[in-house]
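Report on the following structure.
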Amino acid sequence: MLIINGTLITWGENNQVLSDQALYIEDGLIQALGRTKDLLEQYPQTPRLDARGQLVMPGNICAHTHFYGAYARGMAIPGAPPADFPQILRRLWWPLDKALDADAVRMSALVCLVDAVKHGTTTLIDHHASPNFIEGSLDEIADAVSLAGLRAVLCYEVTDRDGEEKMYAGIAENVRFMRNNQSPLIAGTFGLHASLTLDDNALRACADALPEGAGYHVHVAEHEADEEDSLRRSGKRVVQRLDEYGVWGDKTIAAHCVHIDEAERRILSESGTWISHQPRSNMNNGVGAMALETMLGAGMNVALGNDGFSNNMWAEWKTAYLLHKVAHRDPRQANGSDIARIATVNNARLIERFFPGQTLGELRVGAAADIIFVDYHPFTPLTDGNIPWHIVFGFESSMVTATIVAGKPLMLDRELLMLDETVIAREALALAPQIWERYAAHAVKQL
């Protein structure tokens, strides 16, 4: 395929804005990049996709999400509103994950994947939980991802909150999936819920089962309760406690890290661990704002996720850009270029850990052809250096018109090619009443 007449936003370490450009794609990779006239002469017989002057960019990457939370949309929580994040866990998320069966897991994934394709998010790192459907749950999600044509990293969250048998089943699901997965667009990692739902026996069992060369995906200090629980259990804060079990490293993702201290940051930094930031979720749960500037100043590996919110990653950019300014009453916080680097360069380097040997998240020869078209018409100059502020103040998800992964079009001219959104929404809606009924039965037990 030859993509012609595009204005390229290359991202990468040295972002460039290049007008009237073409990309030659073969075997899922960008094989040539240059002026449209030159590549048309070089590849005259190749099928063409005309970008018609739109922006042509690498697809967005999400460093932390939860497909399984899709059925929470519009759902009522019994009783008085939860007063804090621990109550939100006990009264919303833990009863909901218990309500999920194979059909619910599959449809939760599919509705999120439709959302991702429409919003130009080509790669997602998911963190899954369904304690009454553990074995095979990652296969259901992987099948949905394959149907959608997207790129993903999957795991099952291990926890002991539902008993030892299900804890071991979660470990087995992670290991089984990592060993058996054959898809070139899907990878596996080892999911942990959080220190506050993992006793020492569970952590030791996970450490013993971790396949060689693998890392973890775990929630860290999203709320003070995680730190308080760790201190009660061990006399250590969360990062120190998990460090004893070899959790940290450059293939581990520590989600949130809102309430870690300087000593914990040092451990994460020295180990090369990735910290994923989810500002919309942190605001929604009222848990606070991570020390973003401190982490960036220390050279820490900070990435950007959405925690199950919509897969409009530009909304996450905008929220990160604004949250830290208001949290510190300092408009210099969360500089636009820093937000852009986190969401593009850092997210790409993170996802490459799971797809070794591949270049992702940028437009250059040899990189994976994960590409989106954006129908954005700037009325001020658009340059290599100011594109972050165009995104924060001008881009909308509705501007995405095409989504391509590994050279395969998933959406063209806003028409989905791999998934039928109407059918998926109808089938998901038909399941919702019984899922909500099962949720309510579990939730009332927490009142």
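A note on labels: chains of the structure tokens are A, B, ... as shown, every chain counts residues from 1, and ligands are counted from 1 in their shown order.
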
Which residues are close to A:His277, i.e. within 12 Å by only C-alpha atoms, leaving aside same-chain residues fewer than 6 positions away? Reply as number ranges by chain. A: 62-65, 219-220, 222, 253-258, 283, 288-292, 295-296, 301-307, 313, 316-317, 319-321, 323-324, 339, 342-343, 346-347

DSSP says strand (DSSP E or B) for which residues of stretch 230-419 of chain A? Put them as number ranges by chain? A: 253-256, 274-277, 301-304, 359, 367-368, 371-374, 400-405, 408-412, 415-416

Measure the distance from atom CA of A:Lys251 to atom CA of A:Ala129 in Å and round it to one decimal.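 Distance between the two atoms: 20.5 Å.
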
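Residues surrounding A:Pro81 within 12 Å are A:Ala76, A:Gln87, A:Ile88, A:Arg91, A:Leu92, A:Asn285, A:Leu447 [only C-alpha atoms; sequence separation below 5 positions excluded].
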
Close residues, stretch 390-399 of chain A itself excluded, 10 Å, only C-alpha atoms, min 3 positions apart in chain, as an MDAnalysis selection string: chainID A and resid 54:55 118:120 311:322 336 339:340 373:378 380:383 386:387 402 414

Identify which of the residues A:Pro86, A:Gly357, A:Pro211, A:Gly163 lies closest to A:Glu228, counting only C-alpha atoms when measuring atom-to-atom distances.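 For A:Glu228, the nearest of the candidates is A:Pro86.
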
Going by DSSP on the backbone, which bits of stretch 50-239 of chain A are helix (DSSP H, G or I)? Write them as a PyMOL selection string, please. chain A and resi 67-72+85-98+102-118+137-148+164-180+195-197+200-209+224-234+238-239

Leaving out A:Val345 and any residue of its chain fewer than 3 positions from it, which residues lie within 6 Å of it when counting only C-alpha atoms, given as a PyMOL selection string? chain A and resi 12+341+348

Quick one: everything within 10 Å of stretch 165-182 of chain A, counting only C-alpha atoms, minus sequence neighbours fewer than 2 positions away in the same chain. Send it as number ranges by chain. A: 129-139, 142, 154-163, 184-192, 198, 202, 205-207, 209-211, 214

Near stretch 359-363 of chain A, within 8 Å and counting only C-alpha atoms, which residues show up once chain neighbours fewer than 3 positions away are dropped, as a list in words? Leu8, Ile9, Thr10, Trp11, Gly12, Ile30, Met57, Pro58, Gly59, Asn60, Ile61, Thr344, Val345, Asn347, Ala348, Arg349, Ile351, Glu352, Gly366, Ala367, Ala368, Ala369 and Asp370 of chain A

Let's have the selection written as a PDB file, in the first residue's frame, with N, CA and C atoms.
```pdb
ATOM      1  N   LEU A   8       2.951  14.517   7.383  1.00  0.00           N
ATOM      2  CA  LEU A   8       3.393  13.561   8.391  1.00  0.00           C
ATOM      3  C   LEU A   8       3.762  14.251   9.693  1.00  0.00           C
ATOM      4  N   ILE A   9       3.287  13.684  10.797  1.00  0.00           N
ATOM      5  CA  ILE A   9       3.783  13.982  12.138  1.00  0.00           C
ATOM      6  C   ILE A   9       4.545  12.723  12.544  1.00  0.00           C
ATOM      7  N   THR A  10       5.864  12.791  12.601  1.00  0.00           N
ATOM      8  CA  THR A  10       6.631  11.557  12.717  1.00  0.00           C
ATOM      9  C   THR A  10       6.745  11.041  14.146  1.00  0.00           C
ATOM     10  N   TRP A  11       6.612  11.928  15.155  1.00  0.00           N
ATOM     11  CA  TRP A  11       6.953  11.623  16.549  1.00  0.00           C
ATOM     12  C   TRP A  11       8.378  11.078  16.612  1.00  0.00           C
ATOM     13  N   GLY A  12       8.695  10.236  17.586  1.00  0.00           N
ATOM     14  CA  GLY A  12      10.075   9.811  17.765  1.00  0.00           C
ATOM     15  C   GLY A  12      10.892  10.881  18.487  1.00  0.00           C
ATOM     16  N   ILE A  30       6.782   0.209   7.479  1.00  0.00           N
ATOM     17  CA  ILE A  30       7.057   1.330   6.592  1.00  0.00           C
ATOM     18  C   ILE A  30       8.384   1.048   5.897  1.00  0.00           C
ATOM     19  N   MET A  57      -0.176  10.223  11.165  1.00  0.00           N
ATOM     20  CA  MET A  57       0.568  10.145  12.418  1.00  0.00           C
ATOM     21  C   MET A  57       0.663   8.699  12.900  1.00  0.00           C
ATOM     22  N   PRO A  58       1.604   8.409  13.801  1.00  0.00           N
ATOM     23  CA  PRO A  58       1.563   7.106  14.469  1.00  0.00           C
ATOM     24  C   PRO A  58       0.283   6.990  15.305  1.00  0.00           C
ATOM     25  N   GLY A  59      -0.253   5.776  15.407  1.00  0.00           N
ATOM     26  CA  GLY A  59      -1.421   5.566  16.245  1.00  0.00           C
ATOM     27  C   GLY A  59      -1.102   5.822  17.707  1.00  0.00           C
ATOM     28  N   ASN A  60      -2.126   6.169  18.465  1.00  0.00           N
ATOM     29  CA  ASN A  60      -1.965   6.394  19.904  1.00  0.00           C
ATOM     30  C   ASN A  60      -1.756   5.077  20.639  1.00  0.00           C
ATOM     31  N   ILE A  61      -1.065   5.137  21.762  1.00  0.00           N
ATOM     32  CA  ILE A  61      -0.770   3.979  22.603  1.00  0.00           C
ATOM     33  C   ILE A  61      -1.313   4.249  23.997  1.00  0.00           C
ATOM     34  N   THR A 344       4.003   9.779  23.592  1.00  0.00           N
ATOM     35  CA  THR A 344       4.490   9.275  22.300  1.00  0.00           C
ATOM     36  C   THR A 344       5.791   8.493  22.474  1.00  0.00           C
ATOM     37  N   VAL A 345       6.876   9.175  22.793  1.00  0.00           N
ATOM     38  CA  VAL A 345       8.180   8.506  22.906  1.00  0.00           C
ATOM     39  C   VAL A 345       8.169   7.466  24.018  1.00  0.00           C
ATOM     40  N   ASN A 347       5.598   6.032  25.727  1.00  0.00           N
ATOM     41  CA  ASN A 347       4.672   4.929  25.493  1.00  0.00           C
ATOM     42  C   ASN A 347       5.199   3.963  24.440  1.00  0.00           C
ATOM     43  N   ALA A 348       5.859   4.514  23.417  1.00  0.00           N
ATOM     44  CA  ALA A 348       6.418   3.647  22.375  1.00  0.00           C
ATOM     45  C   ALA A 348       7.553   2.789  22.911  1.00  0.00           C
ATOM     46  N   ARG A 349       8.444   3.396  23.699  1.00  0.00           N
ATOM     47  CA  ARG A 349       9.555   2.612  24.255  1.00  0.00           C
ATOM     48  C   ARG A 349       9.031   1.541  25.211  1.00  0.00           C
ATOM     49  N   ILE A 351       6.010  -0.069  24.998  1.00  0.00           N
ATOM     50  CA  ILE A 351       5.359  -1.155  24.271  1.00  0.00           C
ATOM     51  C   ILE A 351       6.381  -1.982  23.505  1.00  0.00           C
ATOM     52  N   GLU A 352       7.504  -1.368  23.122  1.00  0.00           N
ATOM     53  CA  GLU A 352       8.549  -2.130  22.436  1.00  0.00           C
ATOM     54  C   GLU A 352       9.170  -3.193  23.338  1.00  0.00           C
ATOM     55  N   GLY A 366      11.307   1.200   8.500  1.00  0.00           N
ATOM     56  CA  GLY A 366      11.527   0.082   9.405  1.00  0.00           C
ATOM     57  C   GLY A 366      10.553   0.018  10.566  1.00  0.00           C
ATOM     58  N   ALA A 367       9.788   1.062  10.781  1.00  0.00           N
ATOM     59  CA  ALA A 367       8.829   1.072  11.884  1.00  0.00           C
ATOM     60  C   ALA A 367       7.545   0.348  11.494  1.00  0.00           C
ATOM     61  N   ALA A 368       6.843  -0.170  12.501  1.00  0.00           N
ATOM     62  CA  ALA A 368       5.546  -0.797  12.254  1.00  0.00           C
ATOM     63  C   ALA A 368       4.577   0.231  11.699  1.00  0.00           C
ATOM     64  N   ALA A 369       3.776  -0.200  10.735  1.00  0.00           N
ATOM     65  CA  ALA A 369       2.820   0.700  10.088  1.00  0.00           C
ATOM     66  C   ALA A 369       1.529   0.775  10.899  1.00  0.00           C
ATOM     67  N   ASP A 370       1.630   1.334  12.109  1.00  0.00           N
ATOM     68  CA  ASP A 370       0.472   1.621  12.970  1.00  0.00           C
ATOM     69  C   ASP A 370       0.205   3.110  12.826  1.00  0.00           C
TER      70      ASP A 370
END
```

Provide the atom CA of A:Asp420 to atom CA of A:Pro47 distance in Å, to one decimal place. 25.0 Å

Using only C-alpha atoms, pick whichever of A:Ala263, A:Leu29, A:Met300, A:Val400 has the shortest atom-to-atom distance to A:Val56.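 Once distances to A:Val56 are computed over only C-alpha atoms, the minimum belongs to A:Val400.
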
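Proximity of A:Asn284, A:Ile424, A:Ala102, A:Asp126 to A:Val114, computed with only C-alpha atoms, is greatest for A:Ile424.
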
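Using only C-alpha atoms, the shortest contact distance between A:Thr36 and any of A:Asn15, A:Asp115, A:Ile4, A:Tyr68 is found at A:Ile4.
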
Pick out the closest residue to A:Ile275 from this set: A:Ile260, A:Met75, A:Ile372, A:Cys112. Count only C-alpha atoms.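 Nearest to A:Ile275: A:Ile260.
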
How many Å separate atom CA of A:Trp94 from atom CA of A:Val247? 23.7 Å

A:Val444, A:Tyr439, A:Gly297, A:Arg233: which is nearest A:Ala80, counting only C-alpha atoms?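 Selected residue with least distance to A:Ala80: A:Val444.
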